[in-house]
>>> print(open('start_16.cif').read())   # mmCIF, C-alpha atoms
data_data
loop_
_atom_site.label_atom_id
_atom_site.label_comp_id
_atom_site.auth_asym_id
_atom_site.auth_seq_id
_atom_site.Cartn_x
_atom_site.Cartn_y
_atom_site.Cartn_z
CA THR A 1 28.43 48.92 -12.17
CA HIS A 2 28.41 45.16 -12.72
CA GLN A 3 26.63 44.62 -9.41
CA HIS A 4 24.07 47.29 -10.31
CA HIS A 5 23.43 45.61 -13.69
CA LYS A 6 22.94 42.21 -12.05
CA THR A 7 20.52 43.63 -9.50
CA SER A 8 18.56 45.43 -12.21
CA GLN A 9 18.32 42.24 -14.25
CA HIS A 10 17.02 40.32 -11.24
CA ILE A 11 14.41 42.99 -10.56
CA THR A 12 13.38 42.97 -14.22
CA MET A 13 12.98 39.17 -14.33
CA THR A 14 11.12 39.14 -11.02
CA SER A 15 8.70 41.69 -12.44
CA ILE A 16 7.88 39.21 -15.20
CA LEU A 17 6.79 36.72 -12.56
CA THR A 18 4.82 39.28 -10.57
CA PRO A 19 2.82 41.69 -12.74
CA ASN A 20 2.37 45.29 -11.61
CA THR A 21 -0.89 45.85 -9.76
CA THR A 22 -3.05 48.91 -9.34
CA ASN A 23 -6.09 49.66 -7.26
CA THR A 24 -8.49 49.10 -10.16
CA THR A 25 -10.87 46.17 -9.94
CA THR A 26 -9.92 44.96 -13.43
CA THR A 27 -6.21 44.71 -12.66
CA THR A 28 -6.88 42.92 -9.35
CA GLN A 29 -9.03 40.32 -11.11
CA GLN A 30 -6.34 39.77 -13.76
CA THR A 31 -3.68 39.28 -11.08
CA GLN A 32 -5.79 36.71 -9.24
CA SER A 33 -6.65 34.75 -12.41
CA MET A 34 -4.52 32.12 -14.05
CA PRO A 35 -2.07 33.31 -16.72
CA GLN A 36 -3.32 33.11 -20.30
CA SER A 37 0.06 31.86 -21.49
CA ALA A 38 2.94 29.97 -19.95
CA SER A 39 5.56 31.18 -22.41
CA HIS A 40 7.07 33.80 -20.08
CA LEU A 41 7.33 31.24 -17.27
CA ILE A 42 8.92 28.66 -19.55
CA SER A 43 11.48 31.21 -20.72
CA LEU A 44 12.64 31.70 -17.13
CA LEU A 45 13.67 28.04 -16.86
CA SER A 46 16.74 28.80 -18.98
CA TYR A 47 17.98 31.50 -16.59
CA PRO A 48 20.77 30.33 -14.26
CA ASP A 49 18.99 31.78 -11.25
CA PRO A 50 17.64 29.02 -8.96
CA GLU A 51 15.26 31.39 -7.20
CA LEU A 52 13.66 32.52 -10.46
CA GLN A 53 13.47 28.95 -11.71
CA GLN A 54 11.69 27.85 -8.57
CA GLN A 55 9.23 30.72 -8.72
CA ALA A 56 8.49 29.94 -12.36
CA LEU A 57 8.03 26.24 -11.62
CA GLN A 58 5.71 26.98 -8.70
CA GLN A 59 3.50 29.03 -11.02
CA LEU A 60 3.71 26.36 -13.73
CA ILE A 61 2.53 23.65 -11.33
CA ALA A 62 -0.44 25.86 -10.49
CA CYS A 63 -1.50 26.33 -14.12
CA VAL A 64 -0.24 23.15 -15.81
CA ASP A 65 -3.69 21.51 -15.88
CA ASP A 66 -4.98 24.43 -17.96
CA LEU A 67 -1.90 25.18 -20.09
CA TRP A 68 -0.37 21.70 -20.42
CA HIS A 69 -0.59 21.79 -24.25
CA GLU A 70 1.70 24.82 -24.26
CA ILE A 71 3.98 23.54 -21.50
CA SER A 72 4.41 20.24 -23.37
CA ASP A 73 6.77 22.04 -25.77
CA ALA A 74 9.16 22.42 -22.83
CA LEU A 75 9.08 18.77 -21.71
CA LEU A 76 12.71 18.15 -22.65
CA ASP A 77 13.80 21.21 -20.67
CA LEU A 78 11.69 20.18 -17.67
CA GLU A 79 13.09 16.64 -17.68
CA ALA A 80 16.63 17.95 -18.05
CA LEU A 81 16.09 20.28 -15.10
CA SER A 82 14.62 17.45 -13.02
CA GLU A 83 17.82 15.44 -13.63
CA ASP A 84 20.27 18.31 -13.13
CA VAL A 85 22.47 17.25 -10.22
CA ASP A 86 23.67 20.83 -9.79
CA ALA A 87 20.14 22.19 -9.35
CA PRO A 88 18.59 22.51 -5.86
CA ASP A 89 16.51 19.54 -4.75
CA THR A 90 13.34 21.67 -4.69
CA THR A 91 13.91 22.78 -8.28
CA ARG A 92 14.41 19.20 -9.49
CA LYS A 93 11.27 17.98 -7.74
CA LEU A 94 9.13 20.86 -9.03
CA ALA A 95 10.34 20.29 -12.60
CA ALA A 96 9.54 16.58 -12.32
CA ALA A 97 6.09 17.35 -10.90
CA VAL A 98 5.23 19.74 -13.76
CA ALA A 99 6.49 17.27 -16.39
CA SER A 100 4.50 14.46 -14.74
CA ARG A 101 1.29 16.46 -15.05
CA VAL A 102 1.99 17.14 -18.73
CA PHE A 103 2.55 13.44 -19.45
CA PHE A 104 -0.71 12.67 -17.65
CA HIS A 105 -2.60 14.99 -19.98
CA LEU A 106 -0.75 13.45 -22.94
CA GLU A 107 -2.20 10.10 -21.75
CA GLU A 108 1.17 8.57 -20.97
CA PRO A 109 0.55 7.43 -17.38
CA VAL A 110 3.73 5.37 -16.94
CA GLN A 111 5.91 8.34 -17.92
CA ALA A 112 3.80 10.50 -15.61
CA LEU A 113 4.34 7.95 -12.83
CA ARG A 114 8.10 7.88 -13.43
CA LEU A 115 8.36 11.64 -12.95
CA ALA A 116 5.91 11.68 -10.05
CA LEU A 117 8.15 9.20 -8.25
CA GLU A 118 11.08 11.53 -8.87
CA ALA A 119 9.07 14.49 -7.58
CA GLY A 120 8.31 12.78 -4.28
CA GLY A 121 5.27 12.11 -2.13
CA GLU A 122 4.31 15.73 -1.58
CA PHE A 123 3.05 15.89 -5.19
CA LEU A 124 1.19 12.56 -5.14
CA ASN A 125 -1.43 12.04 -2.45
CA VAL A 126 -3.03 8.59 -2.81
CA HIS A 127 -6.06 9.81 -0.84
CA ASP A 128 -7.10 12.84 -2.91
CA GLY A 129 -9.13 10.86 -5.48
CA SER A 130 -8.20 13.13 -8.41
CA ALA A 131 -8.10 11.81 -11.97
CA TYR A 132 -4.34 12.39 -12.00
CA THR A 133 -3.75 10.40 -8.83
CA GLU A 134 -6.04 7.54 -9.82
CA ALA A 135 -4.36 7.25 -13.23
CA LEU A 136 -0.93 7.05 -11.63
CA ILE A 137 -2.07 4.54 -9.03
CA THR A 138 -3.51 2.36 -11.80
CA ALA A 139 -0.23 2.60 -13.70
CA ALA A 140 1.73 1.77 -10.53
CA MET A 141 -0.42 -1.30 -9.87
CA GLU A 142 -0.06 -2.51 -13.46
CA VAL A 143 3.73 -2.15 -13.39
CA TYR A 144 3.95 -3.71 -9.93
CA THR A 145 1.82 -6.74 -10.76
CA SER A 146 3.49 -7.39 -14.12
CA SER A 147 7.12 -6.91 -13.10
CA THR A 148 9.49 -9.62 -11.93
CA GLY A 149 12.85 -7.79 -11.98
CA THR A 150 14.57 -5.55 -9.47
CA LEU A 151 14.49 -2.64 -11.91
CA LEU A 152 10.91 -2.17 -13.00
CA VAL A 153 10.52 -1.55 -16.71
CA THR A 154 7.54 -1.60 -19.03
CA ALA A 155 8.40 -2.77 -22.51
CA ALA A 156 5.83 -0.52 -24.14
CA THR A 157 7.46 2.71 -23.00
CA ASP A 158 10.95 1.73 -21.80
CA ALA A 159 10.26 3.90 -18.75
CA ALA A 160 12.56 2.65 -16.01
CA LEU A 161 10.97 3.18 -12.62
CA ASP A 162 12.64 3.39 -9.24
CA GLU A 163 11.59 0.15 -7.52
CA ALA A 164 11.92 1.44 -3.97
CA LYS A 165 9.79 4.52 -4.69
CA LEU A 166 7.23 2.47 -6.61
CA LEU A 167 6.88 0.07 -3.69
CA GLN A 168 6.22 3.03 -1.41
CA ILE A 169 3.25 3.96 -3.61
CA VAL A 170 2.04 0.36 -3.57
CA GLU A 171 2.31 0.25 0.23
CA LEU A 172 0.35 3.49 0.54
CA MET A 173 -2.30 2.12 -1.82
CA LEU A 174 -2.61 -1.08 0.22
CA GLU A 175 -2.91 0.97 3.41
CA ARG A 176 -5.73 2.91 1.75
CA CYS A 177 -7.44 -0.39 0.95
CA TYR A 178 -7.08 -1.48 4.58
CA ALA A 179 -8.43 1.82 5.90
CA ASP A 180 -11.43 1.65 3.54
CA GLY A 181 -12.06 -2.02 4.30
CA LYS A 182 -11.44 -2.96 0.67
CA TYR A 183 -9.56 -6.16 1.41
CA GLU A 184 -10.66 -7.83 -1.82
CA HIS A 185 -8.91 -5.09 -3.80
CA ALA A 186 -5.75 -5.52 -1.75
CA LEU A 187 -5.96 -9.29 -2.09
CA GLY A 188 -6.37 -9.01 -5.85
CA ILE A 189 -3.18 -6.91 -6.03
CA ALA A 190 -1.22 -9.45 -3.98
CA LEU A 191 -2.45 -12.40 -6.04
CA GLU A 192 -1.83 -10.71 -9.38
CA ALA A 193 1.65 -9.69 -8.25
CA ARG A 194 2.28 -13.22 -6.94
CA ASN A 195 3.47 -11.71 -3.67
CA GLU A 196 3.34 -14.37 -0.95
CA GLY A 197 4.30 -11.96 1.82
CA LYS A 198 1.52 -9.52 0.99
CA LEU A 199 -1.03 -12.35 0.72
CA ARG A 200 -0.11 -13.53 4.23
CA GLU A 201 -0.19 -9.95 5.57
CA ILE A 202 -3.65 -9.28 4.12
CA LEU A 203 -5.13 -12.51 5.48
CA GLN A 204 -3.69 -11.73 8.91
CA ARG A 205 -5.30 -8.28 8.82
CA VAL A 206 -8.63 -9.77 7.76
CA HIS A 207 -8.46 -12.27 10.62
CA ALA A 208 -7.59 -9.55 13.16
CA ASP A 209 -10.52 -7.43 11.97
CA ALA A 210 -12.87 -10.42 12.14
CA LEU A 211 -11.95 -11.01 15.77
CA ALA A 212 -11.97 -7.33 16.76
CA ASN A 213 -15.24 -6.45 15.04
CA ASN A 214 -17.00 -9.83 15.29
CA THR A 215 -17.39 -10.10 11.51
CA PRO A 216 -16.68 -13.78 10.75
CA LEU A 217 -18.88 -13.79 7.65
CA VAL A 218 -16.93 -10.91 6.08
CA ALA A 219 -13.72 -12.82 6.68
CA ALA A 220 -15.25 -16.00 5.27
CA ASN A 221 -16.26 -14.16 2.10
CA MET A 222 -12.66 -13.07 1.70
CA LEU A 223 -11.50 -16.67 1.93
CA SER A 224 -14.07 -17.68 -0.69
CA TYR A 225 -12.91 -14.91 -3.00
CA ALA A 226 -9.26 -15.91 -2.59
CA LEU A 227 -10.00 -19.60 -3.16
CA GLN A 228 -12.05 -18.92 -6.29
CA THR A 229 -9.27 -16.72 -7.68
CA LEU A 230 -6.55 -19.25 -6.93
CA THR A 231 -8.43 -22.19 -8.42
CA ASN A 232 -9.10 -20.22 -11.60
CA SER A 233 -6.15 -21.06 -13.84
CA THR A 234 -6.71 -17.98 -16.01
CA ALA A 235 -6.52 -15.64 -12.99
CA VAL A 236 -3.35 -17.18 -11.50
CA SER A 237 -1.26 -18.81 -14.20
CA SER A 238 1.74 -19.79 -12.08
CA ARG A 239 1.16 -23.27 -10.67
CA ALA A 240 4.01 -22.91 -8.17
CA PHE A 241 2.59 -19.67 -6.76
CA ARG A 242 -0.94 -21.11 -6.71
CA THR A 243 0.24 -24.07 -4.61
CA THR A 244 2.09 -21.82 -2.16
CA ALA A 245 -0.84 -19.39 -1.95
CA LEU A 246 -3.33 -22.20 -1.23
CA ALA A 247 -1.10 -23.39 1.62
CA ILE A 248 -1.05 -19.83 3.00
CA LEU A 249 -4.83 -19.71 2.66
CA VAL A 250 -5.10 -22.83 4.83
CA ASP A 251 -2.60 -21.64 7.45
CA GLU A 252 -3.79 -18.03 7.73
CA GLY A 253 -7.47 -18.67 7.06
CA TYR A 254 -9.21 -22.00 7.21
CA ARG A 255 -7.28 -23.31 10.20
CA LYS A 256 -7.71 -20.17 12.31
CA GLU A 257 -10.54 -19.40 14.69
CA GLY A 258 -12.83 -16.49 13.87
CA TYR A 259 -13.84 -17.53 10.34
CA ALA A 260 -17.36 -18.75 9.55
CA TYR A 261 -16.12 -20.56 6.46
CA ASN A 262 -17.74 -23.31 4.44
CA ARG A 263 -16.07 -26.60 5.36
CA ALA A 264 -16.45 -27.79 1.78
CA GLU A 265 -14.10 -24.97 0.75
CA LEU A 266 -11.42 -26.30 3.08
CA PHE A 267 -11.69 -29.72 1.47
CA GLN A 268 -11.54 -28.10 -1.98
CA CYS A 269 -8.42 -26.20 -0.94
CA LEU A 270 -6.74 -29.31 0.49
CA GLN A 271 -7.67 -31.34 -2.58
CA ALA A 272 -6.10 -28.68 -4.81
CA LEU A 273 -2.94 -28.96 -2.74
#
>>> encode(input="start_16.cif", output="structure tokens")
Amino acid sequence: THQHHKTSQHITMTSILTPNTTNTTTTTQQTQSMPQSASHLISLLSYPDPELQQQALQQLIACVDDLWHEISDALLDLEALSEDVDAPDTTRKLAAAVASRVFFHLEEPVQALRLALEAGGEFLNVHDGSAYTEALITAAMEVYTSSTGTLLVTAATDAALDEAKLLQIVELMLERCYADGKYEHALGIALEARNEGKLREILQRVHADALANNTPLVAANMLSYALQTLTNSTAVSSRAFRTTALAILVDEGYRKEGYAYNRAELFQCLQAL
């Protein structure tokens, strides 16, 4: 009897997720359309059935951009589920992904980024160009360029971000810049973040492209942009980093073949050093 009751309950709850269908055109259209309310899906999150929770979350992720104002009431439950160590990995990631979307619509991009990092790369494609993705990339760049600690935190929101996962997003963003030929964007990120390794890597890529594609003027323009940025005290406030970066600019740029640079810039760079 107990087993029969449990099976009946499972069938009943599954029927909430999957409405009955008939052969009428009206019912078919209703089934294919988005739900008008997320309340029944939210209610399933409290059931201790991982399969039902996952099904509910999968439907929530599909409708969250339309029903985020309603789903926002369940943010605490979604975050709790995303942090539940006893929940399946898929459930935790789905809950984090839904909560991330809600925070995006609430215009809290750093919180949205925090949860997107927890959800994993399958829910954040740096190449899709959506408003959601671009907002999170912007937030990631701002945190990355303004942080100096091993645990990345923004004072405005106290949202602790996983450094390793954040750096993965930054790396993917830089790779997108390389693929699109937007080296100035990548260079700006490296300079603002005061990252000597990335600055050297970008200049090496620019040099390799200049040799491979016979584009010395493009490479020279990059050197000019970098020099102007580094000699602008308001753009790069750290004198120590500016000195190191100028030395890298000489080693990886002005003293390498394949650049059609202005010799006066080299003298300006050496004088600054």
>>> residues_around(input="start_16.cif", residues="A:Phe241", least_positions_apart="2", cutoff="10 Å", atoms="only C-alpha atoms", output="PyMOL selection string")
chain A and resi 191+194-196+230+236-239+243-247
>>> closest_residue(input="start_16.cif", among="A:Leu223, A:Ala99, A:Ala38, A:Ala116", to="A:Gly253", atoms="only C-alpha atoms")
A:Leu223
>>> residues_around(input="start_16.cif", residues="stretch 54-61 of chain A", least_positions_apart="6", cutoff="6 Å", atoms="all atoms listed in the file", output="VMD selection string")
chain A and resid 41 91 98
>>> residues_around(input="start_16.cif", residues="A:Thr90", least_positions_apart="2", cutoff="12 Å", atoms="all atoms listed in the file", output="count of residues only")
26
>>> residues_around(input="start_16.cif", residues="stretch 103-114 of chain A", least_positions_apart="3", cutoff="7 Å", atoms="all atoms listed in the file", output="PyMOL selection string")
chain A and resi 99-100+117-118+132+135-136+139+159+161
>>> resolve_selection(input="start_16.cif", expression="the PyMOL selection byres ((chain A and resi 203) around 10)", output="number ranges by chain")
A: 183, 187, 198-202, 204-209, 219, 222-223, 226, 248-249, 251-253
>>> atom_distance(input="start_16.cif", atom1="atom CA of A:Trp68", atom2="atom CA of A:Ala131")
15.1 Å
>>> atom_distance(input="start_16.cif", atom1="atom CA of A:Glu184", atom2="atom CA of A:Gly129")
19.1 Å
>>> closest_residue(input="start_16.cif", among="A:Ile137, A:Leu44, A:Ala62, A:Ala220", to="A:Leu172", atoms="only C-alpha atoms")
A:Ile137
>>> atom_distance(input="start_16.cif", atom1="atom CA of A:Thr145", atom2="atom CA of A:Glu192")
5.6 Å
>>> axis_aligned_box(input="start_16.cif", around="stretch 57-61 of chain A", padding_each_side="5 Å", output="lines of an AutoDock Vina configuration file")
center_x = 5.3
center_y = 26.3
center_z = -11.2
size_x = 15.5
size_y = 15.4
size_z = 15.0
>>> resolve_selection(input="start_16.cif", expression="the PyMOL selection byres ((chain A and resi 166) around 9)", output="PyMOL selection string")
chain A and resi 113-114+117+140+143-144+152+161-165+167-171
>>> residues_around(input="start_16.cif", residues="A:Glu265", least_positions_apart="6", cutoff="9 Å", atoms="only C-alpha atoms", output="PyMOL selection string")
chain A and resi 223-224+227+254
>>> closest_residue(input="start_16.cif", among="A:Ala179, A:Ile71, A:Met173, A:Cys63", to="A:Ser39", atoms="all atoms listed in the file")
A:Ile71
